file run.txt (compact mmCIF, C-alpha atoms (C1' of nucleotides))
# COMPACT_ATOMS: atom_id res chain seq x y z
CA MET S 1 -4.59 2.52 -75.06
CA THR S 2 -1.33 3.08 -73.23
CA LYS S 3 -0.51 0.91 -70.27
CA PRO S 4 -0.64 2.64 -66.90
CA ARG S 5 2.57 3.49 -65.09
CA ILE S 6 2.99 0.84 -62.42
CA VAL S 7 5.17 0.88 -59.33
CA PHE S 8 5.66 -2.62 -57.96
CA PHE S 9 6.18 -3.45 -54.28
CA GLY S 10 7.52 -6.86 -53.30
CA THR S 11 10.39 -8.69 -51.68
CA PRO S 12 10.69 -12.49 -51.81
CA GLU S 13 10.68 -15.08 -54.55
CA PHE S 14 6.91 -15.23 -54.70
CA ALA S 15 6.74 -11.52 -55.53
CA CYS S 16 9.21 -12.08 -58.35
CA THR S 17 6.73 -14.33 -60.07
CA VAL S 18 4.22 -11.52 -60.01
CA LEU S 19 6.72 -8.93 -61.18
CA GLN S 20 7.85 -11.21 -63.98
CA ALA S 21 4.22 -11.75 -64.99
CA LEU S 22 3.67 -8.01 -65.18
CA LEU S 23 6.71 -7.68 -67.41
CA ASP S 24 5.68 -10.64 -69.57
CA GLU S 25 2.26 -9.09 -70.06
CA GLY S 26 3.88 -5.90 -71.27
CA HIS S 27 2.94 -3.70 -68.36
CA GLN S 28 4.88 -0.55 -67.80
CA VAL S 29 6.71 -1.05 -64.51
CA VAL S 30 8.46 2.23 -63.81
CA ALA S 31 9.96 1.35 -60.44
CA ALA S 32 10.22 -1.47 -57.91
CA VAL S 33 10.19 -1.08 -54.15
CA SER S 34 11.64 -3.82 -51.96
CA GLN S 35 12.83 -4.36 -48.42
CA PRO S 36 16.45 -3.32 -47.80
CA ASP S 37 19.09 -5.92 -48.63
CA LYS S 38 20.28 -7.54 -45.46
CA PRO S 39 23.36 -9.41 -44.31
CA VAL S 40 22.64 -13.12 -44.42
CA GLY S 41 24.46 -16.26 -43.39
CA ARG S 42 27.49 -17.02 -41.25
CA LYS S 43 29.64 -14.58 -43.14
CA HIS S 44 27.17 -11.72 -43.03
CA GLN S 45 27.19 -11.29 -46.75
CA ILE S 46 24.75 -8.77 -48.11
CA VAL S 47 22.29 -10.49 -50.37
CA SER S 48 19.90 -8.75 -52.71
CA THR S 49 16.22 -9.44 -52.22
CA PRO S 50 14.86 -11.51 -55.12
CA VAL S 51 12.76 -8.60 -56.32
CA HIS S 52 15.76 -6.28 -56.21
CA ALA S 53 17.73 -8.71 -58.36
CA LEU S 54 14.95 -9.25 -60.89
CA ALA S 55 14.17 -5.55 -61.21
CA GLU S 56 17.83 -4.77 -61.72
CA GLU S 57 18.13 -7.36 -64.48
CA ASN S 58 15.28 -5.65 -66.26
CA GLY S 59 16.66 -2.17 -65.85
CA ILE S 60 13.92 -1.09 -63.47
CA PRO S 61 14.91 1.44 -60.79
CA VAL S 62 14.84 -0.14 -57.32
CA LEU S 63 14.04 1.64 -54.07
CA GLN S 64 14.69 -0.06 -50.75
CA PRO S 65 13.75 2.31 -47.96
CA GLU S 66 14.21 1.23 -44.36
CA LYS S 67 11.13 3.27 -43.51
CA LEU S 68 8.68 3.54 -46.36
CA ARG S 69 6.87 6.49 -44.82
CA ALA S 70 9.99 8.63 -44.96
CA GLU S 71 10.57 7.92 -48.64
CA ALA S 72 7.01 8.19 -49.89
CA ASP S 73 7.77 11.32 -51.90
CA THR S 74 10.65 9.66 -53.71
CA ILE S 75 8.33 6.90 -54.78
CA LEU S 76 5.52 9.22 -55.79
CA ALA S 77 8.02 11.08 -57.93
CA TYR S 78 7.67 8.14 -60.32
CA ASP S 79 4.08 9.27 -60.70
CA PRO S 80 2.42 5.84 -60.53
CA GLU S 81 -1.05 5.42 -61.97
CA LEU S 82 -1.30 1.99 -60.36
CA VAL S 83 0.53 0.30 -57.52
CA VAL S 84 0.80 -3.48 -57.47
CA THR S 85 2.15 -5.18 -54.39
CA CYS S 86 2.89 -8.75 -53.40
CA ALA S 87 4.58 -9.82 -50.18
CA TYR S 88 6.37 -6.54 -49.69
CA GLY S 89 6.73 -6.77 -45.94
CA GLN S 90 6.04 -3.23 -44.80
CA ILE S 91 2.92 -1.22 -44.15
CA VAL S 92 2.25 1.07 -47.08
CA PRO S 93 1.35 4.55 -45.83
CA GLU S 94 -1.83 6.32 -46.84
CA SER S 95 0.03 9.01 -48.72
CA ILE S 96 0.97 6.34 -51.24
CA LEU S 97 -2.31 4.42 -51.09
CA LYS S 98 -4.37 7.37 -52.21
CA TYR S 99 -2.02 8.68 -54.88
CA PRO S 100 -2.43 6.41 -57.93
CA ARG S 101 -5.37 7.16 -60.17
CA LEU S 102 -6.13 3.44 -60.52
CA GLY S 103 -5.49 2.65 -56.88
CA CYS S 104 -3.29 0.12 -55.15
CA VAL S 105 -3.83 -3.60 -55.52
CA ASN S 106 -2.24 -6.53 -53.77
CA ILE S 107 -1.77 -10.12 -54.85
CA HIS S 108 -2.40 -12.32 -51.83
CA PRO S 109 -2.06 -16.13 -51.87
CA SER S 110 -5.08 -17.18 -49.83
CA LEU S 111 -8.86 -17.13 -49.92
CA LEU S 112 -9.48 -13.91 -48.05
CA PRO S 113 -10.71 -13.22 -45.45
CA LYS S 114 -8.95 -16.42 -44.49
CA TYR S 115 -5.23 -16.07 -43.81
CA ARG S 116 -4.49 -12.40 -43.67
CA GLY S 117 -0.82 -11.85 -42.93
CA GLY S 118 2.64 -12.92 -43.88
CA ALA S 119 2.41 -16.71 -44.09
CA PRO S 120 -0.90 -17.62 -45.75
CA ILE S 121 0.51 -20.55 -47.69
CA HIS S 122 2.01 -22.23 -44.66
CA HIS S 123 -1.09 -21.77 -42.58
CA ALA S 124 -3.36 -23.30 -45.17
CA ILE S 125 -1.42 -26.56 -44.93
CA LEU S 126 -0.86 -26.29 -41.18
CA ASN S 127 -4.61 -26.28 -40.75
CA GLY S 128 -5.04 -29.20 -43.09
CA ASP S 129 -7.17 -27.24 -45.58
CA ASP S 130 -7.96 -28.90 -48.89
CA ARG S 131 -8.18 -25.66 -50.83
CA THR S 132 -6.73 -22.18 -50.90
CA GLY S 133 -6.20 -19.62 -53.62
CA VAL S 134 -4.92 -16.30 -54.86
CA CYS S 135 -6.75 -12.99 -54.54
CA LEU S 136 -6.46 -9.70 -56.35
CA MET S 137 -7.45 -7.18 -53.73
CA GLU S 138 -7.57 -3.55 -52.84
CA MET S 139 -4.91 -2.25 -50.51
CA VAL S 140 -6.12 -0.42 -47.48
CA LYS S 141 -4.45 0.80 -44.33
CA LYS S 142 -5.29 -2.37 -42.42
CA MET S 143 -3.28 -5.38 -43.50
CA ASP S 144 -4.89 -7.50 -46.20
CA ALA S 145 -8.31 -6.10 -45.32
CA GLY S 146 -9.39 -4.42 -48.55
CA ARG S 147 -12.10 -5.38 -51.01
CA VAL S 148 -11.48 -8.51 -53.06
CA PHE S 149 -11.69 -8.00 -56.80
CA ALA S 150 -10.96 -11.50 -57.98
CA CYS S 151 -10.10 -14.82 -56.50
CA HIS S 152 -8.84 -18.05 -58.04
CA GLU S 153 -9.09 -21.27 -56.06
CA VAL S 154 -6.39 -23.91 -55.90
CA GLU S 155 -6.65 -27.44 -54.54
CA ILE S 156 -4.28 -28.62 -51.84
CA GLY S 157 -3.29 -32.26 -52.27
CA GLU S 158 -3.25 -34.50 -49.24
CA ASP S 159 0.52 -34.84 -49.21
CA MET S 160 1.35 -31.48 -50.74
CA THR S 161 4.28 -29.61 -49.24
CA GLY S 162 4.56 -25.90 -48.72
CA GLU S 163 7.02 -25.82 -51.58
CA GLU S 164 4.61 -27.53 -53.95
CA LEU S 165 1.70 -25.36 -52.94
CA ASP S 166 3.85 -22.27 -53.26
CA LEU S 167 4.61 -23.28 -56.84
CA LYS S 168 0.96 -23.88 -57.66
CA LEU S 169 -0.03 -20.54 -56.19
CA LYS S 170 2.67 -18.81 -58.18
CA GLU S 171 1.16 -20.23 -61.35
CA GLU S 172 -2.25 -19.04 -60.28
CA SER S 173 -0.83 -15.61 -59.52
CA ILE S 174 0.38 -15.40 -63.07
CA ARG S 175 -3.16 -16.14 -64.24
CA ILE S 176 -4.50 -13.44 -61.95
CA ILE S 177 -2.14 -10.93 -63.52
CA ARG S 178 -2.94 -12.13 -67.01
CA GLU S 179 -6.70 -12.45 -66.70
CA GLU S 180 -7.88 -10.28 -63.86
CA LEU S 181 -5.55 -7.31 -63.76
CA PRO S 182 -6.55 -6.03 -67.21
CA ARG S 183 -10.20 -6.26 -66.19
CA TYR S 184 -9.40 -4.35 -63.02
CA ILE S 185 -7.62 -1.66 -64.98
CA ALA S 186 -10.60 -1.45 -67.32
CA GLY S 187 -12.82 -0.89 -64.30
CA GLU S 188 -14.78 -4.09 -64.81
CA LEU S 189 -14.27 -5.55 -61.37
CA GLU S 190 -16.62 -4.68 -58.55
CA GLY S 191 -14.77 -5.69 -55.44
CA ILE S 192 -16.41 -7.42 -52.52
CA GLU S 193 -15.95 -6.40 -48.92
CA GLN S 194 -14.43 -9.08 -46.73
CA ASP S 195 -16.63 -10.64 -44.07
CA GLU S 196 -14.93 -9.48 -40.88
CA GLU S 197 -16.58 -12.34 -39.00
CA LYS S 198 -14.59 -14.85 -40.97
CA VAL S 199 -11.16 -13.29 -40.71
CA VAL S 200 -8.35 -15.71 -39.90
CA PHE S 201 -4.82 -14.49 -39.38
CA ALA S 202 -1.71 -16.17 -40.72
CA PRO S 203 1.25 -14.69 -38.89
CA ASN S 204 4.79 -15.31 -40.05
CA ILE S 205 6.27 -18.59 -38.89
CA SER S 206 8.28 -17.84 -35.77
CA ARG S 207 11.32 -19.76 -34.58
CA GLU S 208 9.26 -21.54 -31.96
CA MET S 209 6.67 -22.61 -34.50
CA GLU S 210 9.30 -24.54 -36.42
CA GLN S 211 9.68 -27.21 -33.75
CA VAL S 212 7.51 -30.30 -33.93
CA HIS S 213 6.42 -31.40 -30.46
CA PHE S 214 5.54 -35.05 -30.72
CA GLN S 215 4.19 -35.04 -27.19
CA ASP S 216 1.51 -32.47 -27.99
CA GLU S 217 0.73 -33.01 -31.66
CA ASP S 218 -1.23 -35.93 -33.02
CA VAL S 219 -0.10 -37.65 -36.18
CA ASN S 220 -2.15 -35.43 -38.50
CA THR S 221 -1.09 -32.19 -36.84
CA ALA S 222 2.54 -33.22 -36.83
CA TYR S 223 2.38 -34.31 -40.45
CA ASN S 224 0.74 -31.07 -41.58
CA HIS S 225 3.31 -29.20 -39.54
CA ILE S 226 6.20 -30.95 -41.24
CA ARG S 227 4.93 -30.76 -44.82
CA ALA S 228 3.80 -27.13 -44.48
CA LEU S 229 7.31 -25.99 -43.63
CA ILE S 230 9.02 -27.84 -46.51
CA ASP S 231 11.25 -26.68 -47.82
CA TRP S 232 11.33 -23.41 -46.02
CA PRO S 233 11.66 -22.61 -43.17
CA ILE S 234 11.68 -26.37 -42.35
CA SER S 235 10.45 -27.99 -39.18
CA TYR S 236 12.64 -29.89 -36.78
CA GLY S 237 12.40 -32.30 -33.90
CA VAL S 238 14.66 -32.43 -30.87
CA LEU S 239 16.23 -35.72 -29.83
CA GLU S 240 18.88 -35.95 -27.13
CA ASP S 241 19.38 -32.18 -27.30
CA ARG S 242 20.08 -32.24 -31.01
CA ARG S 243 17.92 -30.78 -33.74
CA PHE S 244 16.87 -32.84 -36.70
CA LYS S 245 15.33 -31.02 -39.62
CA PHE S 246 12.63 -32.87 -41.50
CA TYR S 247 12.86 -32.57 -45.28
CA LYS S 248 10.59 -35.34 -46.44
CA ALA S 249 7.91 -37.21 -44.58
CA ARG S 250 4.75 -39.28 -44.80
CA LYS S 251 2.23 -40.37 -42.24
CA GLU S 252 0.62 -43.68 -41.49
CA ILE S 253 -2.59 -43.78 -39.51
CA ARG S 254 -2.72 -46.76 -37.22
CA GLU S 255 -3.14 -47.57 -33.58
CA HIS S 256 -0.11 -48.53 -31.55
CA ASP S 257 1.11 -48.56 -27.97
CA HIS S 258 4.31 -46.59 -28.33
CA ALA S 259 4.90 -43.34 -26.51
CA PRO S 260 4.68 -40.33 -28.86
CA GLY S 261 8.08 -39.30 -30.18
CA THR S 262 9.65 -42.73 -29.86
CA VAL S 263 11.99 -43.69 -32.68
CA LEU S 264 10.65 -47.08 -33.69
CA GLY S 265 13.43 -47.86 -36.11
CA PHE S 266 14.32 -47.75 -39.78
CA GLU S 267 12.34 -49.50 -42.46
CA ASN S 268 11.93 -49.16 -46.22
CA GLY S 269 13.93 -45.97 -46.40
CA ALA S 270 12.15 -44.27 -43.53
CA MET S 271 12.82 -43.45 -39.93
CA ASN S 272 9.61 -44.27 -38.11
CA ILE S 273 8.60 -42.05 -35.25
CA ALA S 274 5.58 -42.79 -33.11
CA ALA S 275 2.91 -40.10 -32.85
CA LYS S 276 -0.52 -40.03 -31.30
CA GLY S 277 -2.77 -42.02 -33.59
CA GLY S 278 -0.11 -43.11 -36.05
CA ILE S 279 3.43 -43.10 -37.31
CA ILE S 280 5.43 -40.29 -38.84
CA LYS S 281 7.82 -41.63 -41.45
CA ILE S 282 10.83 -39.43 -42.12
CA TYR S 283 12.54 -40.08 -45.46
CA GLU S 284 14.98 -37.21 -45.54
CA LEU S 285 16.49 -35.31 -42.67
CA GLN S 286 19.38 -33.15 -41.56
CA PRO S 287 20.98 -33.78 -38.21
CA GLU S 288 22.38 -30.71 -36.51
CA GLY S 289 25.88 -29.97 -37.79
CA LYS S 290 25.49 -32.39 -40.69
CA LYS S 291 24.33 -32.24 -44.24
CA ARG S 292 20.91 -33.19 -45.42
CA MET S 293 20.68 -36.95 -46.00
CA SER S 294 18.28 -39.78 -46.66
CA ALA S 295 16.95 -41.87 -43.80
CA ASP S 296 18.92 -44.79 -45.26
CA GLN S 297 22.19 -42.89 -45.07
CA PHE S 298 21.34 -41.80 -41.58
CA ALA S 299 20.53 -45.36 -40.57
CA ASN S 300 23.87 -46.56 -41.89
CA GLY S 301 25.71 -44.22 -39.62
CA ALA S 302 24.67 -42.13 -36.67
CA GLY S 303 21.04 -43.20 -36.86
CA ARG S 304 21.83 -46.63 -35.58
CA GLY S 305 21.42 -46.66 -31.86
CA LEU S 306 18.71 -44.04 -31.88
CA THR S 307 15.97 -46.62 -31.96
CA GLY S 308 14.06 -46.45 -28.72
CA LYS S 309 15.07 -42.85 -28.02
CA VAL S 310 12.28 -40.31 -27.78
CA PHE S 311 11.76 -36.98 -29.55
CA GLU S 312 10.55 -34.17 -27.31
C1' C Y 313 36.98 -11.61 -33.42
C1' G Y 314 29.18 -13.86 -32.05
C1' C Y 315 28.28 -19.49 -30.08
C1' G Y 316 28.73 -24.65 -31.48
C1' A Y 317 29.43 -29.38 -34.37
C1' G Y 318 32.27 -31.79 -38.06
C1' G Y 319 36.04 -33.19 -42.27
C1' U Y 320 38.51 -41.24 -41.81
C1' A Y 321 36.91 -46.18 -48.83
C1' G Y 322 31.50 -44.04 -53.56
C1' A Y 323 27.65 -42.75 -49.03
C1' G Y 324 26.67 -42.54 -43.70
C1' C Y 325 29.56 -43.35 -39.24
C1' A Y 326 33.10 -45.65 -35.21
C1' G Y 327 38.16 -45.25 -33.67
C1' C Y 328 40.96 -39.96 -31.04
C1' C Y 329 40.42 -38.94 -24.15
C1' U Y 330 44.44 -43.49 -22.50
C1' G Y 331 49.79 -42.73 -29.64
C1' G Y 332 51.69 -48.96 -31.74
C1' U Y 333 48.79 -53.70 -38.42
C1' A Y 334 42.42 -48.29 -39.88
C1' G Y 335 36.95 -50.84 -38.43
C1' C Y 336 31.19 -50.92 -38.93
C1' U Y 337 26.55 -50.38 -41.91
C1' C Y 338 25.29 -49.49 -46.99
C1' G Y 339 26.80 -49.44 -52.00
C1' U Y 340 29.99 -51.78 -55.69
C1' C Y 341 32.42 -56.28 -58.07
C1' G Y 342 32.81 -61.78 -58.13
C1' G Y 343 30.92 -66.43 -56.37
C1' G Y 344 27.15 -69.47 -53.80
C1' C Y 345 22.00 -70.68 -52.26
C1' C Y 346 16.96 -70.40 -54.19
C1' C Y 347 11.31 -71.32 -58.58
C1' A Y 348 12.82 -66.39 -57.39
C1' U Y 349 14.50 -61.76 -54.88
C1' A Y 350 15.76 -55.49 -53.01
C1' A Y 351 16.40 -61.54 -48.86
C1' C Y 352 20.45 -64.87 -47.08
C1' C Y 353 25.78 -66.96 -47.09
C1' C Y 354 31.08 -66.53 -48.80
C1' G Y 355 34.90 -63.68 -50.95
C1' G Y 356 37.31 -59.21 -53.33
C1' A Y 357 38.34 -54.22 -54.77
C1' G Y 358 38.41 -49.49 -52.95
C1' G Y 359 41.93 -44.94 -47.68
C1' C Y 360 48.80 -40.30 -48.32
C1' C Y 361 42.46 -40.55 -41.90
C1' G Y 362 40.96 -32.13 -45.17
C1' G Y 363 46.11 -29.42 -45.72
C1' A Y 364 50.93 -27.67 -43.67
C1' G Y 365 54.28 -27.70 -39.75
C1' G Y 366 55.74 -29.60 -34.73
C1' U Y 367 56.45 -33.41 -30.54
C1' U Y 368 57.86 -38.78 -30.69
C1' C Y 369 61.40 -44.69 -31.91
C1' A Y 370 56.28 -44.37 -33.71
C1' A Y 371 50.68 -39.75 -35.08
C1' A Y 372 43.91 -40.79 -37.67
C1' U Y 373 45.10 -40.25 -32.35
C1' C Y 374 48.97 -35.12 -28.80
C1' C Y 375 50.38 -29.44 -29.98
C1' U Y 376 50.17 -25.01 -33.51
C1' C Y 377 48.45 -22.59 -37.92
C1' C Y 378 45.40 -22.80 -42.38
C1' C Y 379 41.31 -24.49 -45.67
C1' C Y 380 36.35 -26.38 -46.24
C1' U Y 381 31.26 -28.05 -44.65
C1' C Y 382 27.12 -27.72 -41.42
C1' G Y 383 23.79 -26.17 -37.00
C1' C Y 384 22.46 -21.85 -33.90
C1' A Y 385 22.34 -16.66 -33.58
C1' A Y 386 21.82 -12.09 -36.47
call {"tool": "encode", "arguments": {"input": "run.txt", "output": "structure tokens"}}
result
Amino acid sequence: MTKPRIVFFGTPEFACTVLQALLDEGHQVVAAVSQPDKPVGRKHQIVSTPVHALAEENGIPVLQPEKLRAEADTILAYDPELVVTCAYGQIVPESILKYPRLGCVNIHPSLLPKYRGGAPIHHAILNGDDRTGVCLMEMVKKMDAGRVFACHEVEIGEDMTGEELDLKLKEESIRIIREELPRYIAGELEGIEQDEEKVVFAPNISREMEQVHFQDEDVNTAYNHIRALIDWPISYGVLEDRRFKFYKARKEIREHDHAPGTVLGFENGAMNIAAKGGIIKIYELQPEGKKRMSADQFANGAGRGLTGKVFE
RNA sequence: CGCGAGGUAGAGCAGCCUGGUAGCUCGUCGGGCCCAUAACCCGGAGGCCGGAGGUUCAAAUCCUCCCCUCGCAA
């Protein structure tokens, strides 16, 4: 039996894992669609999206329309029998959704209907969940709302960072492609409608959401906040009008009398910050305008003298 | 010309405004103390102060240009 002609839609690193898995499994990927390459960084250099780069390496034609709707015909010219998407970043118009004989499926890293949207991995940790997963699902007009064909659960460790969970979910995505996609293609998977009552949205992390507010967040919330955003997009605290990014942290639950946000000092390689109901211990940070460094290095230099100051 | 911070010993920083023997914490090396130590005490090594010009009797410090790093914004 010949493999169906697949057009893949995806943009970031996570989608690359899925694309690579398709290739490793011998699927016939006839084209890749990704968001347009954009200028990035201080020098405004154009950087390829990860999917663009990977597709190019494998000699797969890449399409990067600004507006997908306008280029639908170009994509359909590749005559896909199946569309696979993962973190593409644009709404896929109906003209494409209804074209492939085998339909359009999406790989989504959450336990739908929980965490529809662009940042399901981050939100799972932000909410302190102990499990999440990866779904193979039907694409419909409404974002992440289609029937779920298969779902693999993944445990979230107590101290797991967004980076670590991302890695685990990538591995599970590979299994989904390896084990579930062939069954889908063979028509063996039923598909279960999502319970609309239980929908939870996971919007992209906005600039404002990156800041940790020690005044408003208790120790658990702050800790989940910090570890969820490691190591992208990274959370930060504000102290004396300067931003400090938090790259590595732990929490300690214990009662104390210090005002939330107070820098209690440096101890055993950590900068201790008071929070409601406990202590946030920062082991690695990046002061604004400086390079990323350990709490020890920070304590040896500019960190001294910050004891007693209070994070916003 | 987007805005801003910074480049001083292996690391992190102070000194610069108000020119005049380059200092602190850590690390490192040696010694001491101790049952012992990542603790403590004593001592040493390690710097063309990012680069090039300029001002000056004298420049880490003041002026000009360049290079590099980082934060914000996009």
call {"tool": "closest_atom_pairs", "arguments": {"input": "run.txt", "of": "chain S", "to": "chain Y", "cutoff": "7 Å", "atoms": "all atoms listed in the file", "output": "tab-separated table"}}
result
residue	atom	partner	partner_atom	distance
S:Glu288	CA	Y:G383	C1'	4.8
S:Gly289	CA	Y:G383	C1'	4.4
S:Lys290	CA	Y:C382	C1'	5.0
S:Lys291	CA	Y:C382	C1'	6.0
S:Gln297	CA	Y:G324	C1'	4.7
S:Phe298	CA	Y:G324	C1'	5.8
S:Asn300	CA	Y:U337	C1'	4.7
S:Gly301	CA	Y:C325	C1'	4.0
S:Ala302	CA	Y:C325	C1'	5.7
call {"tool": "atom_distance", "arguments": {"input": "run.txt", "atom1": "atom CA of S:Ala228", "atom2": "atom CA of S:Asn127"}}
result
9.2 Å
call {"tool": "atom_distance", "arguments": {"input": "run.txt", "atom1": "atom CA of S:Ile6", "atom2": "atom CA of S:Ala72"}}
result
15.1 Å
call {"tool": "atom_distance", "arguments": {"input": "run.txt", "atom1": "atom CA of S:Glu312", "atom2": "atom CA of S:Glu284"}}
result
19.0 Å
call {"tool": "residues_around", "arguments": {"input": "run.txt", "residues": "S:Ile156", "least_positions_apart": "3", "cutoff": "8 Å", "atoms": "all atoms listed in the file", "output": "number ranges by chain"}}
result
S: 125, 129-132, 160, 165
call {"tool": "residues_around", "arguments": {"input": "run.txt", "residues": "S:Ile279", "least_positions_apart": "4", "cutoff": "7 Å", "atoms": "only C-alpha atoms (C1' of nucleotides)", "output": "list in words"}}
result
Val219, Lys251, Glu252, Ile253, Asn272, Ile273, Ala274 and Ala275 of chain S
call {"tool": "axis_aligned_box", "arguments": {"input": "run.txt", "around": "stretch 117-126 of chain S", "padding_each_side": "8 Å", "output": "AutoDock Vina command-line options"}}
result
--center_x -0.4 --center_y -19.2 --center_z -44.4 --size_x 22.0 --size_y 30.7 --size_z 22.5
call {"tool": "closest_residue", "arguments": {"input": "run.txt", "among": "S:Ala15, S:Ala124, S:Glu255, S:Phe311", "to": "S:Val212", "atoms": "only C-alpha atoms"}}
result
S:Phe311
call {"tool": "residues_around", "arguments": {"input": "run.txt", "residues": "Y:C361", "least_positions_apart": "2", "cutoff": "12 Å", "atoms": "all atoms listed in the file", "output": "PDB file with C-alpha atoms (C1' of nucleotides), keeping the file's coordinate frame"}}
result
ATOM      1  C1'   G Y 319      36.040 -33.190 -42.270  1.00  0.00           C
ATOM      2  C1'   U Y 320      38.510 -41.240 -41.810  1.00  0.00           C
ATOM      3  C1'   A Y 321      36.910 -46.180 -48.830  1.00  0.00           C
ATOM      4  C1'   G Y 327      38.160 -45.250 -33.670  1.00  0.00           C
ATOM      5  C1'   C Y 328      40.960 -39.960 -31.040  1.00  0.00           C
ATOM      6  C1'   A Y 334      42.420 -48.290 -39.880  1.00  0.00           C
ATOM      7  C1'   G Y 359      41.930 -44.940 -47.680  1.00  0.00           C
ATOM      8  C1'   A Y 371      50.680 -39.750 -35.080  1.00  0.00           C
ATOM      9  C1'   A Y 372      43.910 -40.790 -37.670  1.00  0.00           C
ATOM     10  C1'   U Y 373      45.100 -40.250 -32.350  1.00  0.00           C
TER      11        U Y 373
END
call {"tool": "residues_around", "arguments": {"input": "run.txt", "residues": "S:His27", "least_positions_apart": "4", "cutoff": "12 Å", "atoms": "only C-alpha atoms (C1' of nucleotides)", "output": "mmCIF file with C-alpha atoms, in the coordinates of the input"}}
result
data_model
loop_
_atom_site.group_PDB
_atom_site.id
_atom_site.type_symbol
_atom_site.label_atom_id
_atom_site.label_comp_id
_atom_site.auth_asym_id
_atom_site.auth_seq_id
_atom_site.Cartn_x
_atom_site.Cartn_y
_atom_site.Cartn_z
ATOM 1 C CA MET S 1 -4.590 2.520 -75.060
ATOM 2 C CA THR S 2 -1.330 3.080 -73.230
ATOM 3 C CA LYS S 3 -0.510 0.910 -70.270
ATOM 4 C CA PRO S 4 -0.640 2.640 -66.900
ATOM 5 C CA ARG S 5 2.570 3.490 -65.090
ATOM 6 C CA ILE S 6 2.990 0.840 -62.420
ATOM 7 C CA VAL S 7 5.170 0.880 -59.330
ATOM 8 C CA PHE S 8 5.660 -2.620 -57.960
ATOM 9 C CA VAL S 18 4.220 -11.520 -60.010
ATOM 10 C CA LEU S 19 6.720 -8.930 -61.180
ATOM 11 C CA GLN S 20 7.850 -11.210 -63.980
ATOM 12 C CA ALA S 21 4.220 -11.750 -64.990
ATOM 13 C CA LEU S 22 3.670 -8.010 -65.180
ATOM 14 C CA LEU S 23 6.710 -7.680 -67.410
ATOM 15 C CA ALA S 31 9.960 1.350 -60.440
ATOM 16 C CA GLU S 81 -1.050 5.420 -61.970
ATOM 17 C CA LEU S 82 -1.300 1.990 -60.360
ATOM 18 C CA VAL S 83 0.530 0.300 -57.520
ATOM 19 C CA VAL S 84 0.800 -3.480 -57.470
ATOM 20 C CA ILE S 177 -2.140 -10.930 -63.520
ATOM 21 C CA ARG S 178 -2.940 -12.130 -67.010
ATOM 22 C CA LEU S 181 -5.550 -7.310 -63.760
ATOM 23 C CA PRO S 182 -6.550 -6.030 -67.210
ATOM 24 C CA ILE S 185 -7.620 -1.660 -64.980
#
call {"tool": "residues_around", "arguments": {"input": "run.txt", "residues": "S:Gly237", "least_positions_apart": "3", "cutoff": "9 Å", "atoms": "all atoms listed in the file", "output": "compact mmCIF listing (two decimals) with C-alpha atoms, keeping the file's coordinate frame"}}
result
# COMPACT_ATOMS: atom_id res chain seq x y z
CA GLU S 210 9.30 -24.54 -36.42
CA GLN S 211 9.68 -27.21 -33.75
CA VAL S 212 7.51 -30.30 -33.93
CA HIS S 213 6.42 -31.40 -30.46
CA PHE S 214 5.54 -35.05 -30.72
CA ARG S 242 20.08 -32.24 -31.01
CA ARG S 243 17.92 -30.78 -33.74
CA PHE S 244 16.87 -32.84 -36.70
CA LYS S 245 15.33 -31.02 -39.62
CA PHE S 246 12.63 -32.87 -41.50
CA PHE S 311 11.76 -36.98 -29.55
CA GLU S 312 10.55 -34.17 -27.31
call {"tool": "closest_residue", "arguments": {"input": "run.txt", "among": "S:Gly41, S:Pro93, S:Pro260, S:Pro36", "to": "S:Arg69", "atoms": "only C-alpha atoms"}}
result
S:Pro93
call {"tool": "closest_residue", "arguments": {"input": "run.txt", "among": "S:Pro12, S:Pro113, S:Gly59, S:Pro120", "to": "S:Gly162", "atoms": "only C-alpha atoms"}}
result
S:Pro120
call {"tool": "residues_near_point", "arguments": {"input": "run.txt", "point": "(9.4, -11.9, -59.6)", "cutoff": "12 Å", "atoms": "only C-alpha atoms (C1' of nucleotides)", "output": "VMD selection string"}}
result
chain S and resid 8 to 24 32 34 49 to 58 85 to 88 170 to 171 173 to 174
call {"tool": "closest_residue", "arguments": {"input": "run.txt", "among": "S:Leu126, S:Val62, S:Ala299, S:Met139", "to": "S:Pro100", "atoms": "all atoms listed in the file"}}
result
S:Met139
